[in-house]
Each structure stands twice: as structure tokens, then as C-alpha cells.
file coords.csv (CSV, C-alpha atoms and all ligand atoms)
chain,number,residue,atom,x,y,z
A,1,MET,CA,85.9,-18.0,-35.3
A,2,VAL,CA,82.2,-17.6,-35.7
A,3,LEU,CA,80.6,-14.4,-34.5
A,4,GLU,CA,77.0,-14.3,-33.1
A,5,LYS,CA,74.4,-12.7,-35.4
A,6,ASN,CA,74.1,-9.4,-33.6
A,7,PHE,CA,77.9,-8.7,-33.8
A,8,ARG,CA,79.1,-6.1,-36.3
A,9,LYS,CA,81.0,-7.1,-39.4
A,10,TYR,CA,83.6,-4.8,-41.1
A,11,SER,CA,84.6,-4.4,-44.7
A,12,HIS,CA,87.9,-2.4,-44.3
A,13,VAL,CA,90.0,-2.8,-41.1
A,14,VAL,CA,93.0,-0.5,-40.5
A,15,VAL,CA,95.5,-1.9,-38.0
A,16,THR,CA,98.2,0.4,-36.6
A,17,GLY,CA,101.1,-1.8,-35.6
A,18,GLY,CA,99.9,-4.3,-38.2
A,19,ALA,CA,103.4,-5.8,-38.6
A,20,GLY,CA,103.8,-6.4,-34.9
A,21,PHE,CA,103.2,-9.6,-32.9
A,22,ILE,CA,99.5,-9.1,-32.1
A,23,GLY,CA,98.7,-6.8,-35.0
A,24,SER,CA,99.9,-9.3,-37.6
A,25,HIS,CA,97.6,-12.0,-36.1
A,26,LEU,CA,94.7,-9.5,-36.2
A,27,CYS,CA,95.4,-8.7,-39.9
A,28,GLU,CA,95.4,-12.4,-40.7
A,29,GLU,CA,92.2,-13.2,-38.9
A,30,TYR,CA,90.3,-10.2,-40.5
A,31,LEU,CA,91.5,-11.3,-44.0
A,32,LYS,CA,90.2,-14.8,-43.3
A,33,GLN,CA,86.8,-13.2,-42.5
A,34,GLY,CA,86.8,-11.5,-45.9
A,35,ALA,CA,87.6,-7.9,-44.8
A,36,ALA,CA,90.1,-5.7,-46.6
A,37,VAL,CA,93.0,-4.9,-44.3
A,38,THR,CA,95.5,-2.1,-44.2
A,39,ALA,CA,98.4,-2.6,-41.9
A,40,ILE,CA,100.4,0.5,-40.9
A,41,ASP,CA,103.7,0.1,-39.1
A,42,ASN,CA,107.0,2.0,-38.9
A,43,LEU,CA,108.8,-1.4,-38.2
A,44,VAL,CA,110.5,0.0,-35.1
A,45,THR,CA,109.7,-3.3,-33.3
A,46,GLY,CA,107.3,-4.9,-35.9
A,47,SER,CA,108.8,-6.9,-38.7
A,48,PHE,CA,108.0,-7.3,-42.4
A,49,LYS,CA,108.5,-11.1,-41.8
A,50,ASN,CA,105.3,-11.1,-39.7
A,51,ILE,CA,103.2,-10.1,-42.6
A,52,ALA,CA,105.3,-11.5,-45.5
A,53,LYS,CA,102.8,-14.3,-46.0
A,54,LEU,CA,99.9,-11.9,-46.2
A,55,GLU,CA,101.5,-9.9,-49.1
A,56,GLY,CA,99.7,-10.8,-52.2
A,57,THR,CA,96.5,-11.8,-50.4
A,58,LYS,CA,93.5,-10.1,-51.9
A,59,GLY,CA,92.5,-7.1,-49.9
A,60,PHE,CA,95.8,-6.8,-48.0
A,61,ARG,CA,97.9,-3.7,-48.0
A,62,PHE,CA,101.0,-2.7,-46.0
A,63,ILE,CA,102.0,0.9,-45.5
A,64,GLU,CA,105.3,1.6,-43.8
A,65,HIS,CA,104.7,4.8,-41.9
A,66,ASP,CA,105.1,6.5,-38.5
A,67,ILE,CA,101.6,7.4,-37.2
A,68,SER,CA,103.1,9.6,-34.4
A,69,ALA,CA,104.0,12.0,-37.2
A,70,SER,CA,100.8,11.8,-39.3
A,71,MET,CA,98.2,9.4,-40.6
A,72,PRO,CA,98.5,8.1,-44.1
A,73,ASP,CA,95.5,8.3,-46.4
A,74,VAL,CA,93.9,4.9,-46.4
A,75,GLY,CA,90.6,5.7,-48.1
A,76,GLU,CA,87.3,4.7,-46.5
A,77,PHE,CA,87.4,2.3,-43.6
A,78,ASP,CA,85.0,1.2,-40.9
A,79,LEU,CA,87.2,-0.2,-38.1
A,80,MET,CA,90.6,1.1,-36.8
A,81,LEU,CA,92.6,-1.0,-34.3
A,82,HIS,CA,95.3,1.1,-32.6
A,83,PHE,CA,98.0,-1.5,-31.8
A,84,ALA,CA,101.2,0.4,-32.6
A,85,CYS,CA,103.5,0.6,-29.6
A,86,PRO,CA,106.7,-1.1,-28.4
A,87,ALA,CA,105.4,-3.3,-25.5
A,88,SER,CA,108.3,-5.2,-23.9
A,89,PRO,CA,109.8,-3.9,-20.7
A,90,VAL,CA,113.2,-4.0,-22.4
A,91,ASP,CA,111.8,-1.4,-24.9
A,92,PHE,CA,110.8,0.9,-22.0
A,93,ALA,CA,114.5,1.7,-21.5
A,94,LYS,CA,115.4,1.7,-25.2
A,95,MET,CA,112.5,3.7,-26.7
A,96,PRO,CA,110.6,5.6,-24.0
A,97,LEU,CA,110.1,8.7,-26.2
A,98,GLU,CA,108.8,6.6,-29.1
A,99,ILE,CA,106.3,4.9,-26.7
A,100,LEU,CA,105.1,8.2,-25.3
A,101,LYS,CA,104.7,9.6,-28.8
A,102,VAL,CA,102.8,6.8,-30.3
A,103,ASP,CA,100.4,6.6,-27.4
A,104,SER,CA,99.8,10.4,-27.4
A,105,LEU,CA,100.4,11.8,-30.9
A,106,GLY,CA,99.7,8.5,-32.6
A,107,THR,CA,96.5,8.1,-30.6
A,108,PHE,CA,95.3,11.6,-31.6
A,109,ASN,CA,96.2,11.0,-35.2
A,110,SER,CA,94.5,7.6,-35.4
A,111,LEU,CA,91.4,8.9,-33.5
A,112,ASP,CA,91.1,11.9,-35.8
A,113,ALA,CA,91.1,9.6,-38.8
A,114,ALA,CA,88.6,7.2,-37.2
A,115,THR,CA,86.3,10.1,-36.2
A,116,LYS,CA,86.4,11.6,-39.7
A,117,ALA,CA,85.7,8.2,-41.3
A,118,LYS,CA,82.9,7.5,-38.7
A,119,ALA,CA,84.6,4.2,-38.0
A,120,ARG,CA,84.7,2.1,-34.9
A,121,TYR,CA,87.9,2.5,-33.0
A,122,VAL,CA,89.5,0.1,-30.5
A,123,LEU,CA,92.6,1.0,-28.5
A,124,ALA,CA,95.0,-1.7,-27.4
A,125,SER,CA,95.4,-0.9,-23.8
A,126,THR,CA,97.1,-3.0,-21.2
A,127,SER,CA,97.1,-4.6,-17.7
A,128,GLU,CA,100.0,-2.1,-17.1
A,129,VAL,CA,97.4,0.6,-16.4
A,130,TYR,CA,96.9,-1.3,-13.1
A,131,GLY,CA,100.6,-0.8,-12.3
A,132,ASP,CA,101.8,-2.8,-9.3
A,133,PRO,CA,98.2,-3.7,-8.4
A,134,LEU,CA,96.9,-3.6,-4.8
A,135,GLU,CA,93.8,-5.4,-5.8
A,136,HIS,CA,93.9,-9.0,-7.0
A,137,PRO,CA,92.8,-10.3,-9.4
A,138,GLN,CA,92.3,-7.0,-11.4
A,139,LYS,CA,88.9,-5.9,-12.4
A,140,GLU,CA,88.3,-3.2,-14.9
A,141,SER,CA,86.9,-1.0,-12.1
A,142,TYR,CA,90.3,-0.9,-10.4
A,143,TRP,CA,92.1,2.5,-10.8
A,144,GLY,CA,95.6,1.1,-10.5
A,145,ASN,CA,98.8,1.8,-8.6
A,146,VAL,CA,101.2,3.4,-11.0
A,147,ASN,CA,104.5,5.2,-10.3
A,148,SER,CA,104.4,8.2,-12.7
A,149,ILE,CA,108.2,8.6,-12.6
A,150,GLY,CA,109.2,4.9,-12.3
A,151,ASP,CA,111.1,2.8,-14.8
A,152,ARG,CA,108.0,1.5,-16.5
A,153,SER,CA,106.1,4.8,-16.4
A,154,CYS,CA,106.7,5.7,-20.1
A,155,TYR,CA,104.5,2.7,-21.0
A,156,ASP,CA,102.0,2.7,-18.1
A,157,GLU,CA,101.3,6.4,-18.2
A,158,ALA,CA,101.3,6.5,-22.0
A,159,LYS,CA,98.6,3.9,-22.1
A,160,ARG,CA,96.6,5.6,-19.4
A,161,PHE,CA,96.9,8.8,-21.4
A,162,ALA,CA,95.7,6.9,-24.5
A,163,GLU,CA,92.7,5.6,-22.6
A,164,ALA,CA,91.8,9.1,-21.5
A,165,THR,CA,92.2,10.4,-25.0
A,166,THR,CA,90.0,7.7,-26.4
A,167,VAL,CA,87.3,8.4,-23.8
A,168,ALA,CA,87.6,12.2,-24.5
A,169,TYR,CA,87.1,11.8,-28.2
A,170,ARG,CA,83.9,9.7,-27.6
A,171,ARG,CA,82.5,12.3,-25.1
A,172,LYS,CA,83.4,15.4,-27.0
A,173,LEU,CA,83.2,14.2,-30.7
A,174,GLY,CA,81.0,11.1,-30.5
A,175,THR,CA,83.7,8.8,-31.8
A,176,ASP,CA,82.6,5.2,-31.7
A,177,SER,CA,85.5,4.1,-29.5
A,178,GLY,CA,86.4,1.5,-26.9
A,179,MET,CA,89.4,-0.3,-25.5
A,180,VAL,CA,90.7,-3.7,-24.5
A,181,ARG,CA,93.2,-4.2,-21.6
A,182,ILE,CA,95.6,-6.9,-22.8
A,183,PHE,CA,97.3,-9.0,-20.2
A,184,ASN,CA,100.5,-11.0,-20.9
A,185,THR,CA,100.2,-12.7,-24.3
A,186,TYR,CA,102.5,-15.1,-26.0
A,187,GLY,CA,102.8,-17.1,-29.2
A,188,PRO,CA,104.4,-17.3,-32.6
A,189,ARG,CA,105.8,-14.0,-34.0
A,190,MET,CA,107.0,-12.8,-30.6
A,191,ARG,CA,110.5,-11.4,-31.0
A,192,LEU,CA,112.9,-13.9,-29.7
A,193,ASN,CA,115.1,-11.2,-28.3
A,194,ASP,CA,112.4,-8.8,-27.1
A,195,GLY,CA,113.3,-9.5,-23.5
A,196,ARG,CA,110.0,-10.7,-22.2
A,197,VAL,CA,109.8,-13.8,-20.1
A,198,VAL,CA,108.3,-16.2,-22.6
A,199,PRO,CA,110.9,-15.6,-25.4
A,200,ASN,CA,113.7,-15.3,-22.9
A,201,PHE,CA,113.0,-18.6,-21.2
A,202,CYS,CA,112.2,-20.5,-24.4
A,203,GLY,CA,115.3,-19.1,-26.2
A,204,GLN,CA,117.6,-19.8,-23.2
A,205,ALA,CA,116.3,-23.3,-22.8
A,206,LEU,CA,116.6,-24.1,-26.6
A,207,ARG,CA,120.2,-22.7,-26.6
A,208,GLY,CA,121.2,-24.6,-23.4
A,209,GLU,CA,121.7,-21.3,-21.5
A,210,ALA,CA,120.6,-20.7,-17.9
A,211,LEU,CA,117.0,-19.4,-17.5
A,212,THR,CA,117.2,-16.0,-15.9
A,213,VAL,CA,114.7,-15.5,-13.1
A,214,TYR,CA,114.6,-11.9,-12.0
A,215,GLY,CA,114.2,-11.2,-8.3
A,216,ASP,CA,113.0,-14.0,-6.1
A,217,GLY,CA,110.7,-15.4,-8.9
A,218,GLN,CA,107.7,-15.2,-6.6
A,219,GLN,CA,106.1,-12.5,-8.7
A,220,THR,CA,103.1,-13.8,-10.8
A,221,ARG,CA,101.8,-13.5,-14.3
A,222,SER,CA,99.0,-15.1,-16.3
A,223,PHE,CA,99.7,-16.0,-19.9
A,224,CYS,CA,97.2,-16.0,-22.8
A,225,TYR,CA,97.8,-17.6,-26.2
A,226,VAL,CA,97.7,-15.2,-29.0
A,227,THR,CA,94.8,-16.8,-31.0
A,228,ASP,CA,92.6,-16.6,-27.8
A,229,LEU,CA,93.5,-13.0,-27.4
A,230,VAL,CA,92.8,-12.2,-31.1
A,231,ASP,CA,89.4,-13.9,-30.7
A,232,GLY,CA,88.6,-11.6,-27.7
A,233,ILE,CA,89.7,-8.5,-29.6
A,234,ILE,CA,87.6,-9.3,-32.6
A,235,ARG,CA,84.6,-10.0,-30.4
A,236,TYR,CA,85.0,-6.7,-28.6
A,237,ALA,CA,85.5,-4.7,-31.8
A,238,ALA,CA,82.2,-6.2,-33.1
A,239,THR,CA,80.2,-4.8,-30.3
A,240,ASP,CA,79.1,-1.2,-29.4
A,241,ARG,CA,80.9,-1.4,-26.1
A,242,THR,CA,82.8,1.7,-25.0
A,243,GLU,CA,84.2,0.7,-21.6
A,244,PRO,CA,87.4,-1.3,-21.2
A,245,VAL,CA,87.4,-5.1,-21.1
A,246,ASN,CA,90.2,-7.2,-19.7
A,247,LEU,CA,91.5,-9.9,-22.1
A,248,GLY,CA,93.9,-12.4,-20.6
A,249,ASN,CA,94.2,-15.9,-19.2
A,250,PRO,CA,93.3,-16.1,-15.5
A,251,LYS,CA,95.6,-19.1,-14.9
A,252,GLU,CA,98.3,-17.6,-12.7
A,253,PHE,CA,102.0,-18.7,-12.4
A,254,LYS,CA,104.9,-17.7,-10.1
A,255,ILE,CA,107.7,-16.8,-12.5
A,256,ARG,CA,110.0,-19.4,-10.8
A,257,ASP,CA,107.4,-22.1,-11.4
A,258,PHE,CA,107.1,-20.9,-15.0
A,259,ALA,CA,110.8,-21.5,-15.6
A,260,ASP,CA,110.3,-25.1,-14.4
A,261,PHE,CA,107.3,-25.4,-16.7
A,262,ILE,CA,109.3,-24.3,-19.7
A,263,LEU,CA,112.1,-26.8,-18.9
A,264,LYS,CA,109.5,-29.6,-18.6
A,265,ASN,CA,108.3,-28.7,-22.1
A,266,ILE,CA,111.8,-28.7,-23.6
A,267,PRO,CA,113.0,-32.1,-22.1
A,268,GLN,CA,116.2,-32.3,-24.1
A,269,SER,CA,117.4,-29.0,-22.7
A,270,ASN,CA,120.2,-29.2,-20.0
A,271,SER,CA,119.7,-25.5,-18.9
A,272,LYS,CA,119.7,-24.6,-15.3
A,273,ILE,CA,117.7,-21.8,-13.5
A,274,GLU,CA,119.6,-18.8,-12.2
A,275,SER,CA,118.6,-15.8,-10.2
A,276,ARG,CA,119.2,-12.3,-11.5
A,277,PRO,CA,118.5,-8.8,-10.1
A,278,LEU,CA,115.1,-7.4,-11.0
A,279,LEU,CA,115.2,-5.5,-14.3
A,280,HIS,CA,112.7,-2.9,-13.0
A,281,LEU,CA,112.2,-1.9,-9.4
A,282,ASP,CA,108.5,-1.4,-10.2
A,283,ASP,CA,108.1,-5.0,-11.5
A,284,PRO,CA,104.5,-5.8,-10.6
A,285,LYS,CA,104.4,-8.4,-7.9
A,286,GLN,CA,101.2,-10.0,-9.0
A,287,ARG,CA,98.9,-9.9,-12.1
A,288,ARG,CA,95.8,-11.9,-13.0
A,289,PRO,CA,92.8,-10.7,-14.9
A,290,ASP,CA,89.3,-10.9,-13.7
A,291,ILE,CA,87.6,-11.8,-17.0
A,292,SER,CA,83.9,-11.8,-15.8
A,293,ARG,CA,83.2,-8.8,-18.0
A,294,ALA,CA,84.7,-10.5,-21.1
A,295,LYS,CA,82.6,-13.6,-20.4
A,296,GLU,CA,79.4,-11.7,-19.9
A,297,TRP,CA,79.8,-9.1,-22.7
A,298,LEU,CA,81.6,-11.1,-25.3
A,299,GLY,CA,80.9,-14.7,-24.5
A,300,TRP,CA,84.7,-15.0,-24.4
A,301,GLU,CA,87.2,-17.0,-22.4
A,302,PRO,CA,90.6,-18.5,-23.3
A,303,ARG,CA,90.5,-22.0,-24.8
A,304,VAL,CA,94.1,-22.9,-25.5
A,305,SER,CA,95.9,-24.5,-22.6
A,306,LEU,CA,99.3,-23.3,-21.7
A,307,GLU,CA,100.7,-26.8,-22.6
A,308,GLU,CA,99.3,-26.6,-26.1
A,309,GLY,CA,100.2,-22.9,-26.6
A,310,ILE,CA,103.7,-23.2,-25.4
A,311,LYS,CA,104.4,-26.2,-27.6
A,312,LYS,CA,103.4,-24.2,-30.7
A,313,THR,CA,105.5,-21.2,-29.4
A,314,ILE,CA,108.5,-23.4,-28.8
A,315,GLU,CA,108.2,-24.8,-32.3
A,316,TYR,CA,108.1,-21.3,-33.7
A,317,PHE,CA,111.2,-20.2,-31.8
A,318,ARG,CA,113.0,-23.4,-33.0
A,319,THR,CA,112.5,-22.3,-36.6
A,320,VAL,CA,113.7,-18.7,-35.8
A,321,LEU,CA,116.8,-20.1,-34.1
B,401,LIG,N1,111.2,-12.1,-16.1
B,401,LIG,C1,112.2,-13.0,-15.6
B,401,LIG,N2,113.2,-13.3,-16.4
B,401,LIG,C2,113.3,-12.9,-17.7
B,401,LIG,C3,112.3,-12.0,-18.2
B,401,LIG,C4,111.3,-11.6,-17.3
B,401,LIG,O1,112.1,-13.4,-14.4
B,401,LIG,O2,114.3,-13.3,-18.4
B,401,LIG,C5,110.1,-11.7,-15.2
B,401,LIG,C6,109.9,-10.2,-15.0
B,401,LIG,O3,110.7,-9.7,-14.0
B,401,LIG,C7,108.4,-10.1,-14.7
B,401,LIG,C8,107.8,-11.3,-15.4
B,401,LIG,O4,108.9,-12.2,-15.7
B,401,LIG,O5,108.2,-10.3,-13.3
B,401,LIG,C9,107.1,-11.0,-16.7
B,401,LIG,O6,108.0,-10.1,-17.4
B,401,LIG,P1,107.8,-9.7,-18.9
B,401,LIG,O7,109.0,-8.9,-19.3
B,401,LIG,O8,107.4,-10.8,-19.8
B,401,LIG,O9,106.5,-8.7,-18.9
B,401,LIG,P2,105.8,-7.8,-17.9
B,401,LIG,O10,104.6,-8.7,-17.4
B,401,LIG,O11,106.7,-7.5,-16.7
B,401,LIG,O12,105.4,-6.6,-18.6

call {"tool": "encode", "arguments": {"input": "coords.csv", "output": "C-alpha cells", "more": "lines below"}}
Ligand code: UDP
result
Amino acid sequence: MVLEKNFRKYSHVVVTGGAGFIGSHLCEEYLKQGAAVTAIDNLVTGSFKNIAKLEGTKGFRFIEHDISASMPDVGEFDLMLHFACPASPVDFAKMPLEILKVDSLGTFNSLDAATKAKARYVLASTSEVYGDPLEHPQKESYWGNVNSIGDRSCYDEAKRFAEATTVAYRRKLGTDSGMVRIFNTYGPRMRLNDGRVVPNFCGQALRGEALTVYGDGQQTRSFCYVTDLVDGIIRYAATDRTEPVNLGNPKEFKIRDFADFILKNIPQSNSKIESRPLLHLDDPKQRRPDISRAKEWLGWEPRVSLEEGIKKTIEYFRTVL
């Protein structure tokens, strides 16, 4: 990607969650741009495989470490991207305490380090801060509809807390911080067994198993290809913006229709579609980003079509299988 002249460039980028799905793509892109990159990850959901090809690249370093406990010494740096956090709804039941810790203690630790280094700081926030939204599509100005004791609350509230912490550091300590709100993203390096709808449907279709549609399948999501998302994050990080920006693809699908779409893209599959009970009672009924702010502030909008992105993702899952 080519950034406009007035966008900032960085020489050393620290990525927490750097061995994760999105984090590893960020590391790769910043290395391509000539920055040194330090990836920090405790590998609780991230994988060394995601960054294996970066090992040995000039300027790349991986540190296995839990940032909820402390921040490792990484020397001088000028950008910190805080992307460490399990993010699949299946993880919400398995690792609620890890999620709450990394978005609270981990956010404090990473913000302290960025503040001390006088570095730019970008928090990976999420569309989950809008909860089960009563406004549609979701604009950044919407305050959300979150059940603080629901079965997704460990993630939703943790990210809302992380947003509040990021803002408080800026107000109180002058930290050069901002945040992006990431909507459903898919692409190579997603964990095949992470339980989210894209890996589930693709894996099921490739294995000839039934595609499991939770609930009535009328709930909606909008899916953004990972390279588009990374482009948006890099653009945001390169500005002085402090307020949140939605990053996602506004093309909205009913989950039942999405199952048909996946089967159409794996024509040799003989899988059927089956209904299953909802995994979470608080499963948001609709979700679609309003990306006017990203267009205006960053000159960004997704470019990869779902057909193109899903082909590449299916190819990736084939190799994993
Ligand atoms: N979903 C589904 N079948 C699956 C996995 C997910 O019908 O095998 C639904 C899920 O109930 C939700 C949507 O797909 O409505 C997106 O789920 P995902 O876990 O990918 O992420 P979310 O957007 O809920 O965080």
C-alpha cells in the first residue's frame, strides 16, 4: 500500500498479539514498508506458524510473553499496536479471565510502555462494543447495547474498558493514542477450529460435514478481508486521530445466506445445511459498519470482494486440512 505524504511513518513497530491472525498480517505489512517489528505474544490463541516465515527477516523479532503480567523491554519504538486478545465467541467461554486481563492489565502495561516511549498507540477495539445494536448500521457515535453479565460480556466489556483506559491515558498523561473498531474479518491464518462462522462453514464444507447455522440464520454480519482491514489499520495508525474509526466491510449477509454462499464457492462439497441452537443468547441480531468516517479520515474502503477473499481463504484452509 502507498500512504499519502502527510501520513506518519514509523521505524519500530511493536505488535502485541503479533502471532495472531490480524497481528501477524500487520507485522508482515510493516516489515514490507521497511520498519523494524517486534511481535509479542503468549501463544494462547496465536501460533508460531503465523510468523514462521517472518523469522529471519531483517528487523523482525518475536518475544513470547504474557503482557497481562508485564511488558518486556523492547528498546525504543515509535508505534505500539495493542492486538493481543482471544477474539472468537468460542474463546469467551473458554478464556474469559484471560480476555478480561489482557484488555485491562495488558492495556495498562502496553499504554505505560507507549507513554514512556512517547510512541503512538492504537488499540484494537471491536464492533462488539456496540453489543446487540439498536442502531443500524453502526456509527462510531452509537453508545451500544451491551449486557454486562451476558455470555459475551467478558469480551464486550473488556474492550469497552480498554477503550476507556486508552482515552484516560490520553487525557491524563497526553499519550498519543487512538483506536479502531474492527468488524468481522476473515482470511488466511484464521484458526480453522476457532469456532467463528467463516472457519466453521469452510471447514465443514471441505470435510463434507453439515454447515451449522445457529438460530434461525436471520442474524446478519458483514465480512472484511484481512488485507483490507490491515490497510485501514495502517492508515489510521499513520494519522494523529484519537477518536475511534469503524473498519469493516459494509456488505451485509444473513448467516443462512452466507452458508449458501460458502457452498456455492466449494462446488465439489456435498454438505447440507443444518440448524443448531444459538451458541450465545446475546448473539447480535444485526451488524454492519457505517464507514463514512474511515472514508473521510483515512481515504479507506474495502477493495477485496467477498468472492475473491473467500477463494483465498478456502485455499488456505485446504492447505491446513
Ligand atoms: N454462526 C453460525 N454457525 C457457526 C458459527 C457461527 O451460525 O458455526 C453464527 C453466529 O451465531 C453469529 C454469526 O454466525 O450470529 C457470526 O459468528 P462468529 O462466531 O463468526 O462471530 P461474531 O460476529 O458473533 O462475533

call {"tool": "residues_around", "arguments": {"input": "coords.csv", "residues": "Gly20 in chain A", "least_positions_apart": "6", "cutoff": "10 Å", "atoms": "all atoms listed in the file", "output": "list in words"}}
result
Leu26, Ala39, Ile40, Asp41, Asn42, Leu43, Val44, Thr45, Gly46, Ser47, Phe48, Lys49, Asn50, Ile51, Phe83, Ala84, Cys85, Pro86, Arg189, Met190 and Arg191 of chain A

call {"tool": "closest_residue", "arguments": {"input": "coords.csv", "among": "A:Arg207, A:His82, A:Arg8, A:Arg287", "to": "Ser127 in chain A", "atoms": "all atoms listed in the file"}}
result
A:Arg287

call {"tool": "residues_near_ligand", "arguments": {"input": "coords.csv", "ligand": "ligand LIG 401 (chain B)", "cutoff": "7 Å", "atoms": "all atoms listed in the file", "output": "list in words"}}
result
Ser88, Pro89, Asn184, Gly195, Arg196, Val197, Val198, Asn200, Phe201, Leu211, Thr212, Val213, Tyr214, Gly215, Gly217, Gln219, Thr220, Arg221, Ile255, Leu278, Leu279, Asp283, Pro284 and Lys285 of chain A

call {"tool": "residues_near_point", "arguments": {"input": "coords.csv", "point": "(100.7, 5.4, -48.5)", "cutoff": "7 Å", "atoms": "all atoms listed in the file", "output": "list in words"}}
result
Ile63, Pro72 and Asp73 of chain A

call {"tool": "atom_distance", "arguments": {"input": "coords.csv", "atom1": "CA of Arg288 in chain A", "atom2": "CA of Lys159 in chain A"}}
result
18.4 Å

call {"tool": "axis_aligned_box", "arguments": {"input": "coords.csv", "around": "range 236-254 of chain A", "padding_each_side": "5 Å", "output": "AutoDock Vina command-line options"}}
result
--center_x 92.0 --center_y -8.7 --center_z -21.6 --size_x 35.8 --size_y 30.8 --size_z 33.0

call {"tool": "atom_distance", "arguments": {"input": "coords.csv", "atom1": "CA of Ala205 in chain A", "atom2": "CA of Tyr155 in chain A"}}
result
28.6 Å

call {"tool": "residues_around", "arguments": {"input": "coords.csv", "residues": "Asp156 in chain A", "least_positions_apart": "3", "cutoff": "12 Å", "atoms": "only C-alpha atoms", "output": "PyMOL selection string"}}
result
chain A and resi 85-89+92+96+99-100+103+125-132+144-153+159-163+181+282-284

call {"tool": "residues_around", "arguments": {"input": "coords.csv", "residues": "Leu206 in chain A", "least_positions_apart": "5", "cutoff": "8 Å", "atoms": "all atoms listed in the file", "output": "MDAnalysis selection string"}}
result
chainID A and resid 266 269 318
